[in-house]
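Working notes, beginning with the structure itself.
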Amino acid sequence: MYRIVKKEVLGPAVVRMEIDAPLIAKKAEPGQFIILRVDSDGERIPLTIADYDRIRGTVTIIFQKVGATTDKLAELNEGDFLADFVGPLGRATETDDLKKVAVVGGGVGCAIAYPVAKKLHSLGCEVHSIIGFRNRDLVILEKEFAEVSNKLLKMSDDGSWGEKGLVTNALRQLIESGEVYDEVIAIGPLVMMKFVSALTKEFGIKTVVSMNPVMIDGTGMCGGCRLTVGGKTKFACVDGPEFDGHLVDFDEAMKRGAMYRDFERHAREENCNLLRAEVK
């Protein structure tokens with residue numbers, strides 16, 4: 001059993017939890033993920049490691065309430081326990097020999113981008129972070145990014161926070177102003193990563209994206225997380241979750257990601273109905 005040490009609501013549907021998991025904290029690196037179950041009857045869900053503290057033995061996760069399981073997870077409080085918390089899984093972000101990097105985060109993807117920016121900053125890399133949200137109410141980790149970024153650009157779709165526009169607008173502005181990057185790391189919605197990759201390909205800048213397809217076992221056996229990268233089949237859980245953004249077939253990934261939306265919606269509605277019945 002894994003105890004929830006700390007819980008914090010970051011936004012209308014976004015929650016941060018710090019979990020007591022010393023063995024995972026000892027080995028965790030940016031870019032990796034865990035798979036958890038809320039209870040013994042629950043489904044397995046993958047969540048990227050948002051932070052870790054090797055001394056305290058804790059691992060931080062940040063998640064958005066988008067389905068029945070994340071709704072159930074969000075109902076837990078400090079002192080409650082998770083049935084399973086397995087990791088670290090996946091390949092860690094490659095940070096060696098990087099001197100100047102642009103880290104681009106979109107929405108809840110910023111929770112994945114932050115530990116990468118933090119690690120690069122700790123290694124002495126010059127970090128330019130671009131973070132984007134639909135509006136001010138959805139902003140998370142602004143202070144944390146400011147602490148690990150040499151330059152921070154803030155974007156919102158409606159202009160209620162930072163500059164109005166897309167993260168690609170800000171990235172293009174930086175590149176065309178003369179900034180030269182060893183690499184761009186983009187993490188967020190698939191469509192965002194697709195267009196960031198298209199932009200950087202135009203300028204010949206190496207780009208890494210973090211993929212989060214449907215995943216069950218996390219060991220490559222189920223095949224649910226398969227992607228096409230450079231014309232070859234890859235599995236996000238063992239080959240990734242980070243890949244060369246210029247080689248990922250984003251259109252296929254988006255099509256596969258939409259396959260279970262109706263099922264997820266029905267599962268969430270059923271869970272909500274059960275909760276209402278219990279309250280009555």
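Letters A, B, ... mark the chains of the structure tokens in the order given; residue numbers begin at 1 per chain; ligand numbers begin at 1, in order shown.
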
Next item on the list: Once DSSP has gone over the backbone, tell me which residues of segment 91-221 of chain A are in strand (DSSP E), as a ChimeraX atom specification.
Entry: /A:100-106,126-133,151-156,163-164,183-187,207-210

For segment 82-118 of chain A versus segment 60-71 of chain A, which residues have an atom no more than 12 Å away, and what is each residue's nearest atom pair and distance in Å rounded to one decimal, using only C-alpha atoms, chain-then-number order, as a Markdown table?
| residue | atom | partner | partner_atom | distance |
| --- | --- | --- | --- | --- |
| A:Phe85 | CA | A:Ile61 | CA | 10.9 |
| A:Gly107 | CA | A:Gln64 | CA | 9.9 |
| A:Val108 | CA | A:Gln64 | CA | 7.1 |
| A:Gly109 | CA | A:Ile62 | CA | 9.5 |
| A:Cys110 | CA | A:Ile62 | CA | 9.6 |
| A:Ala111 | CA | A:Ile62 | CA | 6.2 |
| A:Ile112 | CA | A:Ile62 | CA | 8.5 |
| A:Ala113 | CA | A:Ile62 | CA | 11.5 |
| A:Tyr114 | CA | A:Ile62 | CA | 11.0 |
| A:Pro115 | CA | A:Thr60 | CA | 10.3 |

Checklist line | Close residues, Leu82 of chain A itself excluded, 12 Å, only C-alpha atoms, min 6 positions apart in chain, as a list in words | finding: Met1, Tyr2, Arg3, Ile4, Val5, Met17, Glu18, Ile19, Asp20, Ala21, Ile35, Leu36, Arg37, Val38, Asp39, Ser40, Asp41, Gly42, Arg44, Lys72, Leu73, Ala74, Glu75 and Leu76 of chain A

Margin query: Set the distance at 6 Å and use only C-alpha atoms: which residues neighbour segment 196-204 of chain A once local chain neighbours fewer than 5 positions away are removed? I'd like the list as an NGL selection string.
Written below: :A and (168 or 245-246)

Margin query: Excluding segment 154-167 of chain A and its own-chain neighbours fewer than 2 positions away, which residues fall within 12 Å of it when counting only C-alpha atoms? Please give them as JSON, numbers by chain.
Written below: {"A": [102, 103, 104, 105, 106, 107, 110, 128, 129, 130, 131, 132, 133, 134, 135, 136, 137, 138, 139, 140, 141, 142, 143, 145, 146, 149, 151, 152, 169, 170, 171, 172, 173, 174, 186, 187, 188, 189, 191, 192, 193, 194, 195, 196, 197, 199]}
